[in-house]
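File shown: coords-v1.pdb. Contents: PDB, C-alpha atoms.
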```pdb
MODEL        1
ATOM      1  CA  ALA A 756      25.528  -0.863  10.853
ATOM      2  CA  GLN A 757      24.427   1.947   8.616
ATOM      3  CA  SER A 758      24.587   5.347  10.229
ATOM      4  CA  VAL A 759      24.760   9.043   9.603
ATOM      5  CA  ALA A 760      26.234  11.598  11.982
ATOM      6  CA  GLN A 761      25.859  15.328  12.245
ATOM      7  CA  PRO A 762      28.521  16.250  14.787
ATOM      8  CA  GLU A 763      27.255  19.773  15.507
ATOM      9  CA  ASP A 764      23.936  20.390  17.210
ATOM     10  CA  GLN A 765      24.116  24.058  16.294
ATOM     11  CA  VAL A 766      26.125  26.239  13.940
ATOM     12  CA  ASN A 767      26.259  30.033  14.125
ATOM     13  CA  VAL A 768      27.359  32.050  11.114
ATOM     14  CA  ALA A 769      27.328  35.772  10.424
ATOM     15  CA  GLU A 770      25.242  36.885   7.488
ATOM     16  CA  GLY A 771      27.317  37.089   4.317
ATOM     17  CA  ASN A 772      29.903  34.589   5.530
ATOM     18  CA  PRO A 773      30.276  31.115   4.058
ATOM     19  CA  LEU A 774      28.575  28.313   5.951
ATOM     20  CA  THR A 775      29.252  24.615   6.347
ATOM     21  CA  VAL A 776      27.037  22.025   7.991
ATOM     22  CA  LYS A 777      28.842  18.749   8.529
ATOM     23  CA  CYS A 778      27.689  15.213   7.839
ATOM     24  CA  THR A 779      29.543  11.925   7.946
ATOM     25  CA  TYR A 780      28.184   8.510   7.121
ATOM     26  CA  SER A 781      28.854   4.822   7.397
ATOM     27  CA  VAL A 782      27.149   2.486   4.937
ATOM     28  CA  SER A 783      27.876  -0.657   3.028
ATOM     29  CA  GLY A 784      27.676  -0.490  -0.715
ATOM     30  CA  ASN A 785      27.230   2.732  -2.630
ATOM     31  CA  PRO A 786      26.211   5.687  -0.476
ATOM     32  CA  TYR A 787      23.149   7.621  -1.523
ATOM     33  CA  LEU A 788      23.081  10.873   0.438
ATOM     34  CA  PHE A 789      20.530  13.620   0.975
ATOM     35  CA  TRP A 790      20.104  16.970   2.645
ATOM     36  CA  TYR A 791      16.729  18.233   3.844
ATOM     37  CA  VAL A 792      15.850  21.519   5.541
ATOM     38  CA  GLN A 793      13.116  22.225   8.067
ATOM     39  CA  TYR A 794      11.947  25.786   8.551
ATOM     40  CA  PRO A 795      10.052  26.666  11.753
ATOM     41  CA  ASN A 796       6.623  25.039  11.962
ATOM     42  CA  ARG A 797       7.052  23.384   8.582
ATOM     43  CA  GLY A 798       7.713  19.919   7.252
ATOM     44  CA  LEU A 799      11.063  18.945   5.780
ATOM     45  CA  GLN A 800      11.976  20.132   2.311
ATOM     46  CA  PHE A 801      14.411  18.448  -0.053
ATOM     47  CA  LEU A 802      17.608  20.407  -0.768
ATOM     48  CA  LEU A 803      19.831  18.077  -2.760
ATOM     49  CA  LYS A 804      21.048  14.523  -3.159
ATOM     50  CA  TYR A 805      24.073  12.569  -4.305
ATOM     51  CA  ILE A 806      23.474   9.320  -6.139
ATOM     52  CA  THR A 807      26.423   9.096  -8.486
ATOM     53  CA  GLY A 808      28.569  11.290 -10.717
ATOM     54  CA  ASP A 809      30.089  14.651  -9.896
ATOM     55  CA  ASN A 810      31.207  14.924  -6.279
ATOM     56  CA  LEU A 811      29.908  18.497  -6.033
ATOM     57  CA  VAL A 812      26.137  18.554  -5.984
ATOM     58  CA  LYS A 813      24.169  21.770  -6.381
ATOM     59  CA  GLY A 814      20.759  22.149  -4.850
ATOM     60  CA  SER A 815      18.020  24.585  -3.948
ATOM     61  CA  TYR A 816      18.474  28.080  -2.472
ATOM     62  CA  GLY A 817      22.147  28.272  -3.484
ATOM     63  CA  PHE A 818      23.240  25.317  -1.376
ATOM     64  CA  GLU A 819      25.734  22.715  -2.500
ATOM     65  CA  ALA A 820      27.300  19.652  -0.969
ATOM     66  CA  GLU A 821      30.555  17.869  -1.569
ATOM     67  CA  PHE A 822      30.735  14.099  -1.510
ATOM     68  CA  ASN A 823      34.085  12.909  -0.177
ATOM     69  CA  LYS A 824      34.399   9.149  -0.345
ATOM     70  CA  SER A 825      37.743   8.911   1.445
ATOM     71  CA  GLN A 826      36.506  10.943   4.388
ATOM     72  CA  THR A 827      32.972   9.470   4.188
ATOM     73  CA  SER A 828      31.561  12.970   4.386
ATOM     74  CA  PHE A 829      28.833  14.953   2.663
ATOM     75  CA  HIS A 830      29.087  18.482   4.055
ATOM     76  CA  LEU A 831      26.515  21.091   3.101
ATOM     77  CA  LYS A 832      27.868  24.478   2.027
ATOM     78  CA  LYS A 833      26.814  27.893   0.887
ATOM     79  CA  PRO A 834      29.185  30.702  -0.133
ATOM     80  CA  SER A 835      27.230  33.545   1.467
ATOM     81  CA  ALA A 836      24.718  32.944   4.249
ATOM     82  CA  LEU A 837      21.362  34.700   4.499
ATOM     83  CA  VAL A 838      19.335  35.260   7.647
ATOM     84  CA  SER A 839      16.552  33.312   5.932
ATOM     85  CA  ASP A 840      18.812  30.235   5.862
ATOM     86  CA  SER A 841      18.272  29.860   9.602
ATOM     87  CA  ALA A 842      16.626  26.465   9.987
ATOM     88  CA  LEU A 843      17.149  22.857  11.033
ATOM     89  CA  TYR A 844      19.145  20.802   8.537
ATOM     90  CA  PHE A 845      19.048  17.036   8.224
ATOM     91  CA  CYS A 846      21.497  14.783   6.460
ATOM     92  CA  ALA A 847      20.187  11.391   5.366
ATOM     93  CA  VAL A 848      21.664   8.254   3.853
ATOM     94  CA  ARG A 849      20.207   5.238   2.161
ATOM     95  CA  ASP A 850      20.500   2.102   4.168
ATOM     96  CA  GLY A 851      23.112   0.243   2.138
ATOM     97  CA  ASN A 852      21.319  -3.061   2.399
ATOM     98  CA  ARG A 853      17.842  -1.852   1.598
ATOM     99  CA  ASP A 854      16.440   0.251  -1.177
ATOM    100  CA  ASP A 855      13.340   1.053   0.837
ATOM    101  CA  LYS A 856      14.905   2.828   3.798
ATOM    102  CA  ILE A 857      16.504   6.178   4.502
ATOM    103  CA  ILE A 858      18.292   6.953   7.773
ATOM    104  CA  PHE A 859      18.186  10.533   9.007
ATOM    105  CA  GLY A 860      20.754  12.280  11.150
ATOM    106  CA  LYS A 861      19.758  14.088  14.323
ATOM    107  CA  GLY A 862      19.799  17.475  12.672
ATOM    108  CA  THR A 863      21.899  20.638  12.931
ATOM    109  CA  ARG A 864      20.331  23.944  13.814
ATOM    110  CA  LEU A 865      21.795  26.748  11.730
ATOM    111  CA  HIS A 866      21.627  30.301  13.061
ATOM    112  CA  ILE A 867      22.542  33.096  10.710
ATOM    113  CA  LEU A 868      23.322  36.237  12.682
ATOM    114  CA  PRO A 869      22.422  39.588  11.089
TER     115      PRO A 869
ATOM    116  CA  GLU B 476      -0.783  22.148  -5.913
ATOM    117  CA  ALA B 477       1.253  19.033  -5.178
ATOM    118  CA  GLN B 478       1.187  18.419  -1.464
ATOM    119  CA  VAL B 479       1.011  16.084   1.488
ATOM    120  CA  THR B 480      -1.660  16.973   4.016
ATOM    121  CA  GLN B 481      -1.982  15.815   7.590
ATOM    122  CA  ASN B 482      -4.825  16.185  10.056
ATOM    123  CA  PRO B 483      -5.032  17.249  12.726
ATOM    124  CA  ARG B 484      -2.083  19.605  12.997
ATOM    125  CA  TYR B 485      -2.290  19.708  16.766
ATOM    126  CA  LEU B 486      -3.829  17.201  19.144
ATOM    127  CA  ILE B 487      -3.936  16.882  22.911
ATOM    128  CA  THR B 488      -5.365  13.633  24.188
ATOM    129  CA  VAL B 489      -5.307  11.360  27.212
ATOM    130  CA  THR B 490      -3.681   8.015  27.767
ATOM    131  CA  GLY B 491      -5.549   5.120  26.213
ATOM    132  CA  LYS B 492      -7.902   7.063  23.971
ATOM    133  CA  LYS B 493      -7.579   5.735  20.430
ATOM    134  CA  LEU B 494      -6.708   8.267  17.788
ATOM    135  CA  THR B 495      -5.972   8.445  14.080
ATOM    136  CA  VAL B 496      -3.775  10.930  12.255
ATOM    137  CA  THR B 497      -4.647  11.126   8.599
ATOM    138  CA  CYS B 498      -2.192  11.605   5.749
ATOM    139  CA  SER B 499      -3.073  12.190   2.136
ATOM    140  CA  GLN B 500      -1.007  12.980  -0.956
ATOM    141  CA  ASN B 501      -2.187  14.150  -4.357
ATOM    142  CA  MET B 502       0.906  13.227  -6.378
ATOM    143  CA  ASN B 503       0.055   9.588  -7.127
ATOM    144  CA  HIS B 504       3.120   8.536  -5.158
ATOM    145  CA  GLU B 505       3.674   4.881  -4.432
ATOM    146  CA  TYR B 506       5.894   5.223  -1.353
ATOM    147  CA  MET B 507       4.583   6.709   1.883
ATOM    148  CA  SER B 508       6.096   6.842   5.321
ATOM    149  CA  TRP B 509       5.520   8.044   8.870
ATOM    150  CA  TYR B 510       8.243   9.580  11.029
ATOM    151  CA  ARG B 511       8.390  10.958  14.512
ATOM    152  CA  GLN B 512      10.695  13.809  15.444
ATOM    153  CA  ASP B 513      11.995  14.148  18.978
ATOM    154  CA  PRO B 514      14.619  16.591  20.319
ATOM    155  CA  GLY B 515      18.096  15.122  20.107
ATOM    156  CA  LEU B 516      16.881  12.062  18.241
ATOM    157  CA  GLY B 517      16.145  13.492  14.806
ATOM    158  CA  LEU B 518      13.649  11.701  12.598
ATOM    159  CA  ARG B 519      12.858   8.082  13.219
ATOM    160  CA  GLN B 520      10.762   6.029  10.866
ATOM    161  CA  ILE B 521       7.645   4.408  12.290
ATOM    162  CA  TYR B 522       6.091   2.589   9.340
ATOM    163  CA  TYR B 523       6.299   2.785   5.597
ATOM    164  CA  SER B 524       4.399   1.537   2.586
ATOM    165  CA  MET B 525       5.815   0.711  -0.819
ATOM    166  CA  ASN B 526       2.348   0.534  -2.409
ATOM    167  CA  VAL B 527      -1.298  -0.205  -1.734
ATOM    168  CA  GLU B 528      -1.803  -3.020   0.770
ATOM    169  CA  VAL B 529       1.973  -3.221   1.374
ATOM    170  CA  THR B 530       3.237  -1.908   4.698
ATOM    171  CA  ASP B 531       6.330  -2.589   6.753
ATOM    172  CA  LYS B 532       7.801  -1.633  10.091
ATOM    173  CA  GLY B 533      10.363   1.084  10.445
ATOM    174  CA  ASP B 534      12.648   1.654  13.404
ATOM    175  CA  VAL B 535      10.059   2.470  16.069
ATOM    176  CA  PRO B 536       6.757   0.739  15.200
ATOM    177  CA  GLU B 537       5.686  -0.247  18.732
ATOM    178  CA  GLY B 538       2.349   1.225  19.701
ATOM    179  CA  TYR B 539       1.415   2.254  16.168
ATOM    180  CA  LYS B 540      -0.611   0.793  13.318
ATOM    181  CA  VAL B 541      -1.015   1.862   9.716
ATOM    182  CA  SER B 542      -3.082   0.895   6.707
ATOM    183  CA  ARG B 543      -2.782   1.564   2.982
ATOM    184  CA  LYS B 544      -6.105   0.755   1.364
ATOM    185  CA  GLU B 545      -5.858   3.532  -1.178
ATOM    186  CA  LYS B 546      -2.795   4.919  -2.885
ATOM    187  CA  ARG B 547      -3.313   8.464  -1.665
ATOM    188  CA  ASN B 548      -4.020   7.798   2.024
ATOM    189  CA  PHE B 549      -1.809   6.424   4.775
ATOM    190  CA  PRO B 550      -3.359   6.924   8.231
ATOM    191  CA  LEU B 551      -1.405   6.441  11.439
ATOM    192  CA  ILE B 552      -3.352   4.806  14.238
ATOM    193  CA  LEU B 553      -2.530   4.871  17.931
ATOM    194  CA  GLU B 554      -4.765   2.239  19.524
ATOM    195  CA  SER B 555      -3.855   3.120  23.108
ATOM    196  CA  PRO B 556      -1.670   6.212  23.218
ATOM    197  CA  SER B 557       0.833   6.658  26.014
ATOM    198  CA  PRO B 558       2.790   9.742  27.155
ATOM    199  CA  ASN B 559       5.979   8.473  25.462
ATOM    200  CA  GLN B 560       4.201   8.904  22.148
ATOM    201  CA  THR B 561       4.097  12.640  22.677
ATOM    202  CA  SER B 562       5.997  13.865  19.649
ATOM    203  CA  LEU B 563       5.940  15.685  16.333
ATOM    204  CA  TYR B 564       4.799  13.381  13.546
ATOM    205  CA  PHE B 565       5.488  13.727   9.840
ATOM    206  CA  CYS B 566       4.035  11.898   6.904
ATOM    207  CA  ALA B 567       6.059  11.759   3.693
ATOM    208  CA  SER B 568       5.638  10.416   0.197
ATOM    209  CA  SER B 569       7.822   9.817  -2.826
ATOM    210  CA  ARG B 570       7.306   8.668  -6.374
ATOM    211  CA  GLY B 571       8.912   5.290  -5.914
ATOM    212  CA  GLN B 572      11.559   4.273  -3.453
ATOM    213  CA  PRO B 573      12.698   6.769  -0.820
ATOM    214  CA  LEU B 574      15.734   7.433  -3.032
ATOM    215  CA  ASP B 575      13.356   9.662  -4.887
ATOM    216  CA  THR B 576      12.746  13.037  -3.308
ATOM    217  CA  GLN B 577      10.471  12.718  -0.310
ATOM    218  CA  TYR B 578       7.709  15.276   0.147
ATOM    219  CA  PHE B 579       6.769  15.921   3.734
ATOM    220  CA  GLY B 580       3.518  16.994   5.301
ATOM    221  CA  PRO B 581       3.380  19.981   7.682
ATOM    222  CA  GLY B 582       3.507  17.810  10.786
ATOM    223  CA  THR B 583       1.164  16.856  13.607
ATOM    224  CA  ARG B 584       2.099  17.804  17.134
ATOM    225  CA  LEU B 585       0.656  15.212  19.492
ATOM    226  CA  THR B 586       0.542  15.504  23.259
ATOM    227  CA  VAL B 587      -0.586  12.512  25.305
ATOM    228  CA  LEU B 588      -1.404  13.336  28.921
TER     229      LEU B 588
ENDMDL
END
```
Can the structure from this file be put into structure tokens for me?
Amino acid sequence: AQSVAQPEDQVNVAEGNPLTVKCTYSVSGNPYLFWYVQYPNRGLQFLLKYITGDNLVKGSYGFEAEFNKSQTSFHLKKPSALVSDSALYFCAVRDGNRDDKIIFGKGTRLHILP
Amino acid sequence: EAQVTQNPRYLITVTGKKLTVTCSQNMNHEYMSWYRQDPGLGLRQIYYSMNVEVTDKGDVPEGYKVSRKEKRNFPLILESPSPNQTSLYFCASSRGQPLDTQYFGPGTRLTVL
């Protein structure tokens, strides 16, 4: 079965430190992977996606993610965290058998401490 | 401004009283979808539509109906709401398949008493 896991419900990082939000996946076929962010009282916003090509994907707001096929991971990273990065982050993966469906993880709440 | 709008943003209702949550996008997107967000469960897809007059069930379609008579609108209908449908609902659209970037509405917080 296709699935995506975000093993941490919450991540706390001090402002200025690097941050990582973890995501692992299990799909058949080629994995298409996404990160979305949800700020308080807002809808989700697209951050970045991996379809093919370079394993390091750069996205909005200085975020990047590294696709690791052997570890089936797609961790979200940022070199220096800002307080404004505090939000709920969702990893998502295309259902390997269907082009019309995306599966979302349960979300990781990121707290950046001033 | 390119956007997805939802109405109402907040709704408190009682069990069994039919309601409709509207969703509209101004980007001429073909794909539209409804999700519900619940604590600890993330986003779960309710229904989606690949184009006008084409709709399909997502992961949790029970108790919901949708229609896609026009490209821009994708209303979510709860014929007889129940308390377990209390949730935060999001509408989303994308240019083609969901592999394209999805644009989300601001959400509708529904409480069913």
- Task: Output the contact residues of chain A with respect to chain B at a cut-off of 9 Å, based on all atoms listed in the file, as a list in words.
- Result: Asp764, Tyr787, Leu788, Phe789, Asn796, Arg797, Gly798, Leu799, Gln800, Phe801, Leu803, Lys804, Ile806, Phe845, Arg849, Asp854, Asp855, Lys856, Ile857, Ile858, Phe859, Gly860, Lys861 and Gly862 of chain A
- Pick the closest to Asn548 of chain B from B:Gln560, B:Thr586, B:Asn526, B:Gln500: which is it, counting all atoms listed in the file?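 Comparing B:Gln560, B:Thr586, B:Asn526, B:Gln500 against Asn548 of chain B, the winner is B:Gln500.
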- Message: I'd like to see the residues matched by the PyMOL selection byres ((chain A and resi 761) around 7) on this file, and ideally I'd get them as a PyMOL selection string.
- Response: chain A and resi 759-760+762-763+777-779+860-863
- Between atom CA of Gly491 of chain B and atom CA of Glu537 of chain B - distance in Å to one decimal: 14.5 Å
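Minimum distance to Glu545 of chain B across B:Leu585, B:Arg511, B:Ile521, B:Cys498 (counting all atoms listed in the file) occurs at B:Cys498.
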- Task: Return the single residue from A:Val782, A:Ile867, A:Val792, A:Val766 that is closest to Leu837 of chain A, with distances computed using all atoms listed in the file.
- Result: A:Ile867
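We find atom CA of Gln765 of chain A and atom CA of His866 of chain A to be spaced 7.5 Å apart.
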- Task: Could you tell me which residues the PyMOL selection byres ((chain A and resi 811-826) around 9) returns for this structure, as a list of chain:residue names?
- Result: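 For this structure, the PyMOL selection byres ((chain A and resi 811-826) around 9) resolves to A:Thr779, A:Pro786, A:Leu788, A:Trp790, A:Phe801, A:Leu802, A:Leu803, A:Lys804, A:Tyr805, A:Gly808, A:Asp809, A:Asn810, A:Thr827, A:Ser828, A:Phe829, A:His830, A:Leu831, A:Lys832, A:Lys833, A:Pro834, A:Ser835, A:Asp840.
The list of residues with at least one atom within 10 Å of Gly538 of chain B, based on only C-alpha atoms and without residues fewer than 6 positions apart in the same chain, reads Ile521, Ile552, Leu553, Glu554, Ser555, Pro556, Ser557, Asn559 and Gln560 of chain B.
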- Report as a ChimeraX atom specification the full result of the PyMOL selection byres ((chain B and resi 487) around 10) when it is applied to this structure. /B:485-486,488-489,561,584-588
